[in-house]
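File shown: input_30.cif (mmCIF, C-alpha atoms).
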```cif
data_structure
loop_
_atom_site.label_atom_id
_atom_site.label_comp_id
_atom_site.auth_asym_id
_atom_site.auth_seq_id
_atom_site.Cartn_x
_atom_site.Cartn_y
_atom_site.Cartn_z
CA MET A 176 0.00 0.00 0.00
CA ASN A 177 2.13 2.80 -1.28
CA LEU A 178 -0.16 5.78 -1.32
CA ASN A 179 1.41 8.86 -2.81
CA ALA A 180 0.88 11.83 -5.12
CA THR A 181 -0.46 9.46 -7.78
CA LEU A 182 -3.66 9.42 -5.72
CA ILE A 183 -4.16 13.15 -6.08
CA ALA A 184 -3.18 13.14 -9.74
CA GLN A 185 -5.66 10.34 -10.40
CA THR A 186 -8.44 12.33 -8.71
CA ILE A 187 -7.66 15.30 -10.93
CA VAL A 188 -7.60 13.09 -14.03
CA PHE A 189 -10.98 11.69 -13.00
CA PHE A 190 -12.51 15.16 -12.83
CA VAL A 191 -10.95 16.26 -16.10
CA LEU A 192 -12.27 13.20 -17.92
CA ALA A 193 -15.72 13.55 -16.40
CA TRP A 194 -15.82 17.24 -17.26
CA PHE A 195 -14.74 16.56 -20.83
CA THR A 196 -17.44 13.94 -21.25
CA MET A 197 -20.07 16.24 -19.77
CA LYS A 198 -19.11 19.12 -22.07
CA LEU A 199 -18.22 17.43 -25.33
CA VAL A 200 -19.51 13.85 -25.41
CA TRP A 201 -22.80 13.65 -23.60
CA PRO A 202 -24.72 16.57 -25.19
CA PRO A 203 -24.28 15.62 -28.88
CA ILE A 204 -25.19 11.99 -28.26
CA MET A 205 -28.20 12.92 -26.15
CA LYS A 206 -29.24 15.44 -28.77
CA ALA A 207 -29.03 12.80 -31.48
CA LEU A 208 -31.02 10.37 -29.35
CA ASP A 209 -33.71 12.90 -28.54
CA GLU A 210 -33.95 14.04 -32.14
CA ARG A 211 -34.27 10.46 -33.33
CA ALA A 212 -36.96 9.80 -30.74
CA SER A 213 -38.93 12.80 -31.94
CA LYS A 214 -38.38 11.77 -35.56
CA ILE A 215 -39.72 8.32 -34.79
CA ALA A 216 -42.70 9.85 -32.98
CA ASP A 217 -43.35 12.09 -36.00
CA GLY A 218 -43.00 9.14 -38.33
CA LEU A 219 -45.49 7.12 -36.30
CA ALA A 220 -47.93 10.01 -36.26
CA ALA A 221 -47.53 10.44 -40.03
CA ALA A 222 -48.10 6.73 -40.54
CA GLU A 223 -51.25 6.92 -38.44
CA LYS A 224 -52.44 9.91 -40.45
CA GLY A 225 -51.61 8.11 -43.69
CA LYS A 226 -53.65 5.15 -42.53
CA GLN A 227 -56.62 7.39 -41.80
CA ASN A 228 -56.24 9.11 -45.18
CA LEU A 229 -56.13 5.75 -46.88
CA ALA A 230 -59.29 4.63 -45.12
CA SER A 231 -61.15 7.81 -46.10
CA ALA A 232 -59.85 7.58 -49.67
CA GLU A 233 -60.97 3.97 -49.83
CA SER A 234 -64.45 4.85 -48.66
CA ARG A 235 -64.55 7.71 -51.15
CA ALA A 236 -63.41 5.39 -53.91
CA GLY A 237 -66.16 2.96 -52.88
CA ASP A 238 -68.76 5.72 -53.15
CA ILE A 239 -67.53 6.72 -56.59
CA ASP A 240 -67.50 3.11 -57.70
CA ARG A 241 -71.06 2.55 -56.54
CA GLU A 242 -72.23 5.76 -58.24
CA ALA A 243 -70.49 4.83 -61.48
CA ARG A 244 -72.06 1.39 -61.43
CA ALA A 245 -75.52 2.85 -60.88
CA ARG A 246 -74.97 5.31 -63.67
CA ALA A 247 -73.73 2.64 -66.03
CA GLN A 248 -76.81 0.58 -65.19
CA GLU A 249 -78.97 3.58 -66.04
CA VAL A 250 -77.19 4.17 -69.31
CA ILE A 251 -77.52 0.53 -70.27
CA ALA A 252 -81.21 0.52 -69.46
CA ALA A 253 -81.77 3.70 -71.47
CA ALA A 254 -79.81 2.28 -74.40
CA GLU A 255 -81.79 -0.94 -74.29
CA LYS A 256 -85.03 1.00 -74.23
CA ARG A 257 -83.89 3.12 -77.14
CA ALA A 258 -82.79 0.08 -79.12
CA ALA A 259 -86.15 -1.56 -78.56
CA ALA A 260 -87.87 1.61 -79.70
CA ILE A 261 -85.71 1.79 -82.82
CA VAL A 262 -86.43 -1.83 -83.67
CA GLU A 263 -90.14 -1.25 -83.15
CA GLU A 264 -90.04 1.84 -85.36
CA ALA A 265 -88.13 -0.01 -88.06
CA LYS A 266 -90.60 -2.85 -87.93
CA LEU A 267 -93.47 -0.42 -88.33
CA ALA A 268 -91.75 1.38 -91.18
CA ALA A 269 -91.02 -1.90 -92.94
CA LYS A 270 -94.61 -3.07 -92.53
CA THR A 271 -95.97 0.21 -93.94
CA GLU A 272 -93.56 0.06 -96.82
CA GLY A 273 -94.40 -3.58 -97.50
CA ASP A 274 -98.12 -2.78 -97.41
CA ARG A 275 -97.58 0.12 -99.78
CA ILE A 276 -95.62 -2.05 -102.20
CA ILE A 277 -98.24 -4.80 -102.05
CA ALA A 278 -101.02 -2.29 -102.65
CA GLY A 279 -99.12 -0.77 -105.60
CA ALA A 280 -98.52 -4.19 -107.10
CA ARG A 281 -102.12 -5.16 -106.61
CA SER A 282 -103.46 -2.04 -108.33
CA GLU A 283 -101.00 -2.51 -111.18
CA VAL A 284 -102.13 -6.07 -111.64
CA GLN A 285 -105.75 -4.95 -111.58
CA GLN A 286 -105.02 -2.31 -114.20
CA GLU A 287 -103.26 -4.79 -116.38
CA ALA A 288 -106.09 -7.25 -116.02
CA THR A 289 -108.66 -4.56 -116.93
CA GLN A 290 -106.62 -3.53 -119.97
CA LEU A 291 -106.25 -7.11 -121.08
CA ARG A 292 -109.98 -7.72 -120.55
CA ASP A 293 -110.81 -4.61 -122.60
CA ALA A 294 -108.50 -5.67 -125.39
CA LEU A 295 -109.91 -9.16 -125.31
CA ARG A 296 -113.45 -7.80 -125.42
CA HIS A 297 -112.69 -5.71 -128.50
CA GLN A 298 -111.03 -8.65 -130.17
CA VAL A 299 -113.98 -10.92 -129.32
CA ALA A 300 -116.36 -8.24 -130.64
CA ALA A 301 -114.34 -7.90 -133.85
CA LEU A 302 -114.22 -11.71 -134.14
CA ALA A 303 -117.97 -11.92 -133.62
CA VAL A 304 -118.56 -9.18 -136.18
CA ALA A 305 -116.21 -10.93 -138.62
CA GLY A 306 -118.05 -14.23 -138.04
CA ALA A 307 -121.43 -12.62 -138.41
CA GLU A 308 -120.27 -10.81 -141.58
CA LYS A 309 -119.28 -14.10 -143.06
CA ILE A 310 -122.66 -15.62 -142.23
CA LEU A 311 -124.78 -12.71 -143.11
CA ARG A 312 -122.64 -11.34 -145.99
CA ARG A 313 -125.38 -9.77 -147.71
CA GLU A 314 -128.14 -9.18 -145.43
CA VAL A 315 -126.36 -7.38 -142.84
CA ASP A 316 -125.50 -3.84 -143.44
CA THR A 317 -122.67 -2.92 -141.11
CA LYS A 318 -123.74 0.58 -141.08
CA VAL A 319 -127.30 -0.24 -140.03
CA HIS A 320 -126.37 -2.63 -137.35
CA GLU A 321 -123.47 -0.58 -136.06
CA SER A 322 -125.15 0.34 -132.84
CA MET A 323 -126.36 -3.18 -132.22
CA LEU A 324 -122.87 -4.58 -132.70
CA SER A 325 -121.16 -2.18 -130.35
CA GLU A 326 -123.80 -2.94 -127.71
CA LEU A 327 -123.00 -6.58 -128.14
CA ALA A 328 -119.30 -5.95 -127.79
CA ARG A 329 -119.92 -4.05 -124.60
CA GLU A 330 -121.94 -6.87 -123.14
CA LEU A 331 -119.14 -9.43 -123.77
CA MET B 1251 16.24 -8.34 -14.89
CA ALA B 1252 16.21 -8.38 -11.11
CA ALA B 1253 19.54 -10.08 -10.62
CA GLU B 1254 22.56 -10.21 -12.87
CA GLY B 1255 23.76 -13.41 -14.41
CA HIS B 1256 20.89 -15.77 -13.68
CA ALA B 1257 17.21 -15.98 -14.50
CA PRO B 1258 14.94 -14.48 -11.82
CA THR B 1259 13.43 -16.80 -9.27
CA ALA B 1260 9.66 -17.04 -9.03
CA SER B 1261 9.45 -14.58 -6.17
CA GLU B 1262 11.87 -12.19 -7.86
CA TYR B 1263 9.72 -12.34 -11.00
CA VAL B 1264 6.50 -11.56 -9.14
CA VAL B 1265 8.04 -8.86 -6.99
CA HIS B 1266 9.55 -7.28 -10.08
CA HIS B 1267 6.21 -7.25 -11.83
CA LEU B 1268 4.53 -5.74 -8.80
CA HIS B 1269 7.05 -2.94 -8.65
CA HIS B 1270 5.90 0.43 -9.85
CA LEU B 1271 7.91 2.84 -11.93
CA ALA B 1272 8.11 5.35 -9.09
CA ALA B 1273 9.73 8.74 -8.80
CA GLY B 1274 11.58 7.74 -5.68
CA LYS B 1275 11.56 5.59 -2.59
CA GLN B 1276 8.27 5.38 -0.71
CA HIS B 1277 8.36 6.65 2.88
CA GLY B 1278 5.41 5.54 4.97
CA LEU B 1279 1.82 4.85 3.98
CA PHE B 1280 1.29 8.15 2.22
CA ASP B 1281 4.24 9.90 0.63
CA ILE B 1282 3.28 13.06 -1.21
CA THR B 1283 6.76 13.35 -2.73
CA ASN B 1284 6.50 9.99 -4.48
CA VAL B 1285 4.53 9.26 -7.64
CA HIS B 1286 3.89 6.18 -9.79
CA TYR B 1287 4.64 7.20 -13.35
CA ASP B 1288 3.36 3.95 -14.86
CA THR B 1289 -0.05 4.16 -13.17
CA LEU B 1290 -0.40 7.78 -14.21
CA PHE B 1291 0.77 7.16 -17.75
CA PHE B 1292 -1.56 4.25 -18.39
CA SER B 1293 -4.58 5.78 -16.68
CA ILE B 1294 -4.16 9.03 -18.60
CA LEU B 1295 -3.53 7.10 -21.83
CA THR B 1296 -6.68 4.98 -21.40
CA GLY B 1297 -8.63 8.03 -20.27
CA LEU B 1298 -7.58 9.93 -23.39
CA ILE B 1299 -8.45 6.97 -25.61
CA VAL B 1300 -11.88 6.77 -23.98
CA ILE B 1301 -12.79 10.45 -24.21
CA LEU B 1302 -11.35 10.93 -27.69
CA PHE B 1303 -13.17 7.83 -28.92
CA LEU B 1304 -16.43 8.99 -27.36
CA ARG B 1305 -15.85 12.49 -28.68
CA SER B 1306 -15.21 11.27 -32.22
CA VAL B 1307 -18.48 9.33 -32.13
CA ALA B 1308 -20.36 12.20 -30.50
CA LYS B 1309 -19.10 14.66 -33.10
CA LYS B 1310 -20.46 12.53 -35.93
CA ALA B 1311 -23.62 11.56 -34.08
CA THR B 1312 -26.63 11.78 -36.34
CA SER B 1313 -30.26 11.60 -35.43
CA GLY B 1314 -30.84 9.62 -38.61
CA VAL B 1315 -29.93 5.96 -39.02
CA PRO B 1316 -26.91 5.36 -36.75
CA GLY B 1317 -23.86 3.40 -37.83
CA ARG B 1318 -22.74 0.38 -35.84
CA LEU B 1319 -20.23 2.40 -33.82
CA GLN B 1320 -22.74 5.09 -32.99
CA ALA B 1321 -25.36 2.51 -32.12
CA ALA B 1322 -22.90 0.82 -29.75
CA VAL B 1323 -22.04 4.09 -28.03
CA GLU B 1324 -25.70 5.03 -27.89
CA PHE B 1325 -26.42 1.69 -26.27
CA LEU B 1326 -23.81 2.47 -23.61
CA VAL B 1327 -25.08 6.01 -23.12
CA GLU B 1328 -28.67 4.87 -22.79
CA MET B 1329 -27.67 2.13 -20.36
CA VAL B 1330 -25.78 4.58 -18.16
CA ASP B 1331 -28.47 7.24 -18.47
CA GLY B 1332 -31.16 4.71 -17.58
CA GLN B 1333 -29.26 3.65 -14.47
CA ALA B 1334 -28.57 7.25 -13.51
CA LYS B 1335 -32.21 8.19 -14.03
CA SER B 1336 -33.44 5.41 -11.76
CA ILE B 1337 -30.93 6.21 -9.00
CA ILE B 1338 -30.44 9.98 -9.06
CA HIS B 1339 -33.54 12.02 -8.42
CA GLY B 1340 -32.48 15.44 -9.53
CA ASP B 1341 -30.11 17.12 -11.94
CA ARG B 1342 -28.09 14.50 -13.83
CA SER B 1343 -26.29 16.83 -16.25
CA PHE B 1344 -22.92 16.08 -14.64
CA ILE B 1345 -23.52 12.78 -12.87
CA ALA B 1346 -24.69 10.78 -15.88
CA PRO B 1347 -21.75 11.76 -18.14
CA MET B 1348 -19.41 11.21 -15.21
CA ALA B 1349 -20.81 7.71 -14.73
CA LEU B 1350 -20.29 6.99 -18.45
CA THR B 1351 -16.69 8.19 -18.20
CA VAL B 1352 -16.07 6.10 -15.11
CA PHE B 1353 -17.51 2.98 -16.70
CA CYS B 1354 -15.63 3.26 -20.00
CA TRP B 1355 -12.41 4.36 -18.34
CA VAL B 1356 -12.41 1.58 -15.75
CA VAL B 1357 -13.28 -1.01 -18.41
CA LEU B 1358 -10.35 0.07 -20.54
CA MET B 1359 -7.95 0.26 -17.60
CA ASN B 1360 -9.04 -3.17 -16.42
CA ALA B 1361 -8.73 -4.53 -19.96
CA ILE B 1362 -4.98 -3.85 -19.90
CA ASP B 1363 -4.89 -6.88 -17.60
CA LEU B 1364 -5.84 -9.05 -20.57
CA LEU B 1365 -2.58 -8.25 -22.35
CA PRO B 1366 0.11 -10.85 -21.70
CA VAL B 1367 1.75 -9.88 -18.41
CA ASP B 1368 5.26 -9.58 -19.82
CA TRP B 1369 4.59 -7.52 -22.93
CA ILE B 1370 4.45 -4.06 -21.47
CA PRO B 1371 7.16 -4.60 -18.81
CA THR B 1372 9.44 -5.97 -21.53
CA LEU B 1373 8.62 -3.04 -23.78
CA GLY B 1374 9.26 -0.70 -20.87
CA HIS B 1375 12.54 -2.44 -20.18
CA ALA B 1376 13.55 -2.05 -23.80
CA LEU B 1377 12.78 1.68 -23.53
CA GLY B 1378 14.99 1.89 -20.46
CA PHE B 1379 12.45 1.67 -17.63
CA GLU B 1380 13.45 -0.77 -14.93
CA TYR B 1381 9.86 -1.35 -13.78
CA THR B 1382 6.56 -0.95 -15.59
CA ARG B 1383 3.26 -1.98 -14.08
CA PRO B 1384 0.66 -1.19 -16.71
CA LEU B 1385 -2.55 -1.97 -14.81
CA PRO B 1386 -3.67 1.29 -13.13
CA THR B 1387 -6.61 -0.35 -11.35
CA ALA B 1388 -4.26 -2.78 -9.61
CA ASP B 1389 -2.62 0.23 -7.97
CA LEU B 1390 -4.50 1.48 -4.91
CA ASN B 1391 -3.54 5.01 -5.90
CA GLY B 1392 -5.42 4.57 -9.15
CA THR B 1393 -8.68 3.25 -7.71
CA LEU B 1394 -8.66 5.21 -4.46
CA GLY B 1395 -7.94 8.35 -6.46
CA ILE B 1396 -11.19 7.93 -8.34
CA ALA B 1397 -13.00 6.96 -5.12
CA ILE B 1398 -11.77 10.19 -3.48
CA GLY B 1399 -13.12 12.06 -6.49
CA VAL B 1400 -16.47 10.38 -5.83
CA LEU B 1401 -16.21 11.32 -2.13
CA MET B 1402 -15.70 14.94 -3.10
CA LEU B 1403 -18.74 14.75 -5.35
CA MET B 1404 -20.75 13.18 -2.51
CA ILE B 1405 -19.88 16.07 -0.21
CA TYR B 1406 -20.53 18.60 -2.97
CA TYR B 1407 -23.97 17.21 -3.76
CA ASN B 1408 -24.83 16.92 -0.07
CA PHE B 1409 -24.15 20.63 0.29
CA LYS B 1410 -25.87 21.48 -2.99
CA ILE B 1411 -29.06 19.52 -2.37
CA LYS B 1412 -29.48 19.98 1.39
CA GLY B 1413 -27.77 23.33 1.85
CA VAL B 1414 -24.95 23.96 4.31
CA GLY B 1415 -27.30 23.98 7.30
CA GLY B 1416 -29.23 20.96 6.12
CA PHE B 1417 -26.13 18.89 5.56
CA ILE B 1418 -24.57 19.82 8.92
CA HIS B 1419 -27.86 19.14 10.63
CA GLU B 1420 -27.96 15.72 8.99
CA LEU B 1421 -24.35 15.00 9.96
CA PHE B 1422 -25.15 15.56 13.65
CA CYS B 1423 -28.80 14.54 13.92
CA ALA B 1424 -29.02 11.43 11.75
CA PRO B 1425 -29.40 8.52 12.00
CA PHE B 1426 -30.09 8.33 15.78
CA GLY B 1427 -31.94 11.56 16.48
CA SER B 1428 -31.46 15.23 17.29
CA ASN B 1429 -30.86 14.88 21.05
CA PRO B 1430 -27.60 16.81 21.85
CA ILE B 1431 -26.19 13.72 23.60
CA LEU B 1432 -26.39 11.90 20.29
CA TRP B 1433 -24.61 14.57 18.25
CA ILE B 1434 -21.19 13.02 18.71
CA PRO B 1435 -22.25 9.41 17.94
CA ASN B 1436 -24.23 10.60 14.95
CA PHE B 1437 -21.33 12.55 13.57
CA ALA B 1438 -18.89 9.70 14.20
CA LEU B 1439 -21.15 7.26 12.43
CA ASN B 1440 -21.60 9.58 9.45
CA LEU B 1441 -17.86 10.07 9.27
CA ILE B 1442 -17.31 6.32 9.30
CA GLU B 1443 -19.97 5.95 6.62
CA PHE B 1444 -18.27 8.40 4.29
CA ILE B 1445 -14.84 6.87 4.88
CA SER B 1446 -16.07 3.31 4.47
CA LYS B 1447 -17.94 4.15 1.27
CA THR B 1448 -14.81 5.67 -0.24
CA VAL B 1449 -12.43 2.99 0.95
CA SER B 1450 -14.71 0.14 -0.08
CA LEU B 1451 -15.27 1.70 -3.51
CA GLY B 1452 -11.54 2.00 -4.17
CA MET B 1453 -10.52 -1.20 -2.43
CA ARG B 1454 -13.09 -3.39 -4.15
CA LEU B 1455 -11.82 -2.58 -7.63
CA PHE B 1456 -8.18 -2.63 -6.51
CA GLY B 1457 -8.57 -5.99 -4.78
CA ASN B 1458 -10.24 -7.66 -7.73
CA MET B 1459 -7.77 -6.40 -10.27
CA TYR B 1460 -4.74 -7.00 -8.06
CA ALA B 1461 -5.80 -10.59 -7.44
CA GLY B 1462 -6.49 -11.13 -11.12
CA GLU B 1463 -3.13 -9.69 -12.07
CA LEU B 1464 -1.35 -11.87 -9.52
CA ILE B 1465 -2.98 -14.99 -10.92
CA PHE B 1466 -1.83 -14.00 -14.40
CA PHE B 1467 1.72 -13.73 -12.97
CA LEU B 1468 1.46 -17.20 -11.48
CA ILE B 1469 0.11 -18.62 -14.74
CA ALA B 1470 2.99 -16.96 -16.58
CA LEU B 1471 5.37 -18.57 -14.10
CA LEU B 1472 3.86 -21.93 -15.00
CA GLY B 1473 4.82 -21.32 -18.62
CA GLY B 1474 8.17 -19.99 -17.45
CA SER B 1475 9.02 -23.39 -15.98
CA ALA B 1476 9.81 -24.46 -19.58
CA THR B 1477 8.32 -27.93 -19.20
CA ALA B 1478 5.63 -29.57 -21.29
CA PHE B 1479 3.31 -29.54 -18.28
CA GLY B 1480 4.02 -25.89 -17.66
CA PHE B 1481 3.53 -24.98 -21.30
CA ILE B 1482 0.18 -26.72 -21.65
CA GLY B 1483 -0.84 -25.53 -18.20
CA HIS B 1484 0.02 -21.97 -19.17
CA ILE B 1485 -2.09 -22.17 -22.31
CA LEU B 1486 -5.04 -23.85 -20.60
CA ALA B 1487 -5.06 -21.86 -17.38
CA GLY B 1488 -4.16 -18.64 -19.16
CA SER B 1489 -7.05 -19.04 -21.62
CA VAL B 1490 -9.55 -19.99 -18.94
CA TRP B 1491 -8.52 -17.18 -16.61
CA ALA B 1492 -8.43 -14.61 -19.41
CA ILE B 1493 -11.92 -15.59 -20.57
CA PHE B 1494 -13.20 -15.44 -17.01
CA HIS B 1495 -11.39 -12.15 -16.58
CA ILE B 1496 -13.47 -10.57 -19.36
CA LEU B 1497 -16.41 -10.95 -17.01
CA ILE B 1498 -14.45 -9.48 -14.08
CA VAL B 1499 -13.26 -6.54 -16.18
CA LEU B 1500 -16.79 -5.58 -17.19
CA LEU B 1501 -18.45 -6.54 -13.93
CA GLN B 1502 -16.05 -4.58 -11.73
CA ALA B 1503 -16.36 -1.53 -13.97
CA PHE B 1504 -20.14 -1.82 -13.84
CA ILE B 1505 -20.12 -2.26 -10.05
CA PHE B 1506 -17.82 0.73 -9.70
CA MET B 1507 -20.13 2.87 -11.81
CA MET B 1508 -23.28 1.66 -10.03
CA LEU B 1509 -21.81 2.30 -6.58
CA THR B 1510 -20.74 5.75 -7.68
CA LEU B 1511 -24.30 6.43 -8.76
CA VAL B 1512 -25.77 4.93 -5.61
CA TYR B 1513 -23.51 6.98 -3.33
CA LEU B 1514 -24.34 10.17 -5.23
CA GLY B 1515 -28.00 9.17 -5.19
CA GLN B 1516 -27.83 8.90 -1.39
CA ALA B 1517 -26.36 12.39 -1.31
CA HIS B 1518 -29.57 13.52 -3.05
CA GLU B 1519 -31.84 12.01 -0.41
CA GLY B 1520 -32.21 13.22 3.14
CA HIS B 1521 -32.47 10.85 6.07
#
```

Can I see the file as structure tokens?
Amino acid sequence: MNLNATLIAQTIVFFVLAWFTMKLVWPPIMKALDERASKIADGLAAAEKGKQNLASAESRAGDIDREARARAQEVIAAAEKRAAAIVEEAKLAAKTEGDRIIAGARSEVQQEATQLRDALRHQVAALAVAGAEKILRREVDTKVHESMLSELAREL
Amino acid sequence: MAAEGHAPTASEYVVHHLHHLAAGKQHGLFDITNVHYDTLFFSILTGLIVILFLRSVAKKATSGVPGRLQAAVEFLVEMVDGQAKSIIHGDRSFIAPMALTVFCWVVLMNAIDLLPVDWIPTLGHALGFEYTRPLPTADLNGTLGIAIGVLMLMIYYNFKIKGVGGFIHELFCAPFGSNPILWIPNFALNLIEFISKTVSLGMRLFGNMYAGELIFFLIALLGGSATAFGFIGHILAGSVWAIFHILIVLLQAFIFMMLTLVYLGQAHEGH
């Protein structure tokens, strides 16, 4: 046990080292630790906020989605209705047109038939007159019986 | 070394290794004219390494993602600060950094013990120093010096927290009571308490490190016997003791720091 001036020197060294640490080591490290702690707290708060934002955005997106679906449904229904109407209209137009064409054709046929009948009547009348002429060569005067012959032709 | 011409005997070897590089001859228990250069050199060297290392980390400390070194130092700082916070109820702006210094410094001083016992004395011898004892904590001057520093802090904080009157009142009226007959016993007991705290703080560390150092000497002597048994024994015992000593190095430093905090914590609390 040789106690000597080393003891006193060691005490002084102890205080110098402790003072140095207090002044130059402890504060920067503590500052860094505190700053990191506050950064982490901020980060956690931001994450929490982000989560809330996400939830609200999701619900908003859901609303928009539902609205869009409803609207699409509406549009589809309207389009279907319109298509049905167009088809109906077209059907009607076609039927009218068809009826018109049929009616036209029918009247044309009728006309033709009338013309043919008239022509045939005249020919039959002429044939009858020619036949009668041959039979009655002499006795019949065409001029006298003109009115009788035309009446006959009309009756055929 | 110790004697010319022949190898040192076992006791000469140990005595040589326990000899300090002193300024002069020691007279009595306390000799103010004498000083141990080796203890001072190695404690200041380790102290400088500790504070410059801590300072270099602290200077680059970032609040962002810390590197491994910074994370390690932060771990230490938070450990010490946590202990200080739980023990000291009051201003810790000096005590907590002081505890960190004490812990790191004592760890590094103790860790010198893990170097092979002949390296530094041999190096010292080569540089012309007859004796070199590198382990500052195996010198009572080294440990008791720090303990006296802690005693001064205890007295300082007692005055600071309780005031001059409060502290003197406590010295004479606690723990037995304020009856004037009890003033002298109270004061004597408080005096003994302060002395015993300081002595036990310094002696505990000194005793552990001194004993550990001595065992390393004995293990080295085993190898020095230059026999196969000695060689293997040296390797085995040296490895086992060194590994165990890692625990002692850290544990004693931790105990030293904790007791420092506890003593200063007591200075913050009235009886």

| field | Exercise answer, chain A residues close to chain B, 9 Å and only C-alpha atoms, as a PyMOL selection string | value | chain A and resi 176-190+192-212+214

| Using all atoms listed in the file: which of B:Val1367, B:Ile1498, B:Leu1377, B:Leu1441 has the shortest distance to B:Met1459 | B:Ile1498

| task | Mind giving me the straight-line distance from atom CA of B:Met1329 to atom CA of B:Cys1354 in Å, one decimal? | result | 12.1 Å

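The interatomic distance for the pair atom CA of B:Glu1519 and atom CA of B:Thr1448 works out to 18.2 Å.
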
| message | What's the separation between atom CA of B:Pro1435 and atom CA of B:Phe1417, in Å to one decimal place? | response | 16.1 Å

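When you apply the PyMOL selection byres ((chain B and resi 1340) around 12) to this structure, what comes back is Ala1334, Lys1335, Ser1336, Ile1337, Ile1338, His1339, Asp1341, Arg1342, Ser1343, Phe1344, Ile1345, Ala1346, Tyr1407, Lys1410, Ile1411, Leu1514, Gly1515, Gln1516, Ala1517, His1518 and Glu1519 of chain B.
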
On this file, the PyMOL selection byres ((chain B and resi 1450) around 12) gives some set of residues; write that set as a PDB file with C-alpha atoms, in the coordinates of the input.
```
ATOM      1  CA  LEU B1390      -4.500   1.480  -4.910  1.00  0.00           C
ATOM      2  CA  THR B1393      -8.680   3.250  -7.710  1.00  0.00           C
ATOM      3  CA  LEU B1394      -8.660   5.210  -4.460  1.00  0.00           C
ATOM      4  CA  ILE B1396     -11.190   7.930  -8.340  1.00  0.00           C
ATOM      5  CA  ALA B1397     -13.000   6.960  -5.120  1.00  0.00           C
ATOM      6  CA  ILE B1398     -11.770  10.190  -3.480  1.00  0.00           C
ATOM      7  CA  VAL B1400     -16.470  10.380  -5.830  1.00  0.00           C
ATOM      8  CA  LEU B1401     -16.210  11.320  -2.130  1.00  0.00           C
ATOM      9  CA  ILE B1442     -17.310   6.320   9.300  1.00  0.00           C
ATOM     10  CA  GLU B1443     -19.970   5.950   6.620  1.00  0.00           C
ATOM     11  CA  PHE B1444     -18.270   8.400   4.290  1.00  0.00           C
ATOM     12  CA  ILE B1445     -14.840   6.870   4.880  1.00  0.00           C
ATOM     13  CA  SER B1446     -16.070   3.310   4.470  1.00  0.00           C
ATOM     14  CA  LYS B1447     -17.940   4.150   1.270  1.00  0.00           C
ATOM     15  CA  THR B1448     -14.810   5.670  -0.240  1.00  0.00           C
ATOM     16  CA  VAL B1449     -12.430   2.990   0.950  1.00  0.00           C
ATOM     17  CA  LEU B1451     -15.270   1.700  -3.510  1.00  0.00           C
ATOM     18  CA  GLY B1452     -11.540   2.000  -4.170  1.00  0.00           C
ATOM     19  CA  MET B1453     -10.520  -1.200  -2.430  1.00  0.00           C
ATOM     20  CA  ARG B1454     -13.090  -3.390  -4.150  1.00  0.00           C
ATOM     21  CA  LEU B1455     -11.820  -2.580  -7.630  1.00  0.00           C
ATOM     22  CA  PHE B1456      -8.180  -2.630  -6.510  1.00  0.00           C
ATOM     23  CA  GLY B1457      -8.570  -5.990  -4.780  1.00  0.00           C
ATOM     24  CA  ASN B1458     -10.240  -7.660  -7.730  1.00  0.00           C
ATOM     25  CA  ILE B1505     -20.120  -2.260 -10.050  1.00  0.00           C
ATOM     26  CA  PHE B1506     -17.820   0.730  -9.700  1.00  0.00           C
ATOM     27  CA  LEU B1509     -21.810   2.300  -6.580  1.00  0.00           C
ATOM     28  CA  THR B1510     -20.740   5.750  -7.680  1.00  0.00           C
ATOM     29  CA  TYR B1513     -23.510   6.980  -3.330  1.00  0.00           C
TER      30      TYR B1513
END
```

| query | What residues come out when you apply the PyMOL selection byres ((chain B and resi 1420) around 12) to this file, written as a ChimeraX atom specification? | reply | /B:1408-1409,1412-1419,1421-1428,1433,1436-1437,1439-1441,1517,1519-1521

If I wrap all listed atoms of stretch 215-228 of chain A in a box with edges along x, y and z and add 6 Å on each side, what are its centre and edge lengths in Å to one decimal, as AutoDock Vina command-line options?
```
--center_x -48.2 --center_y 8.6 --center_z -39.1 --size_x 28.9 --size_y 18.9 --size_z 24.2
```
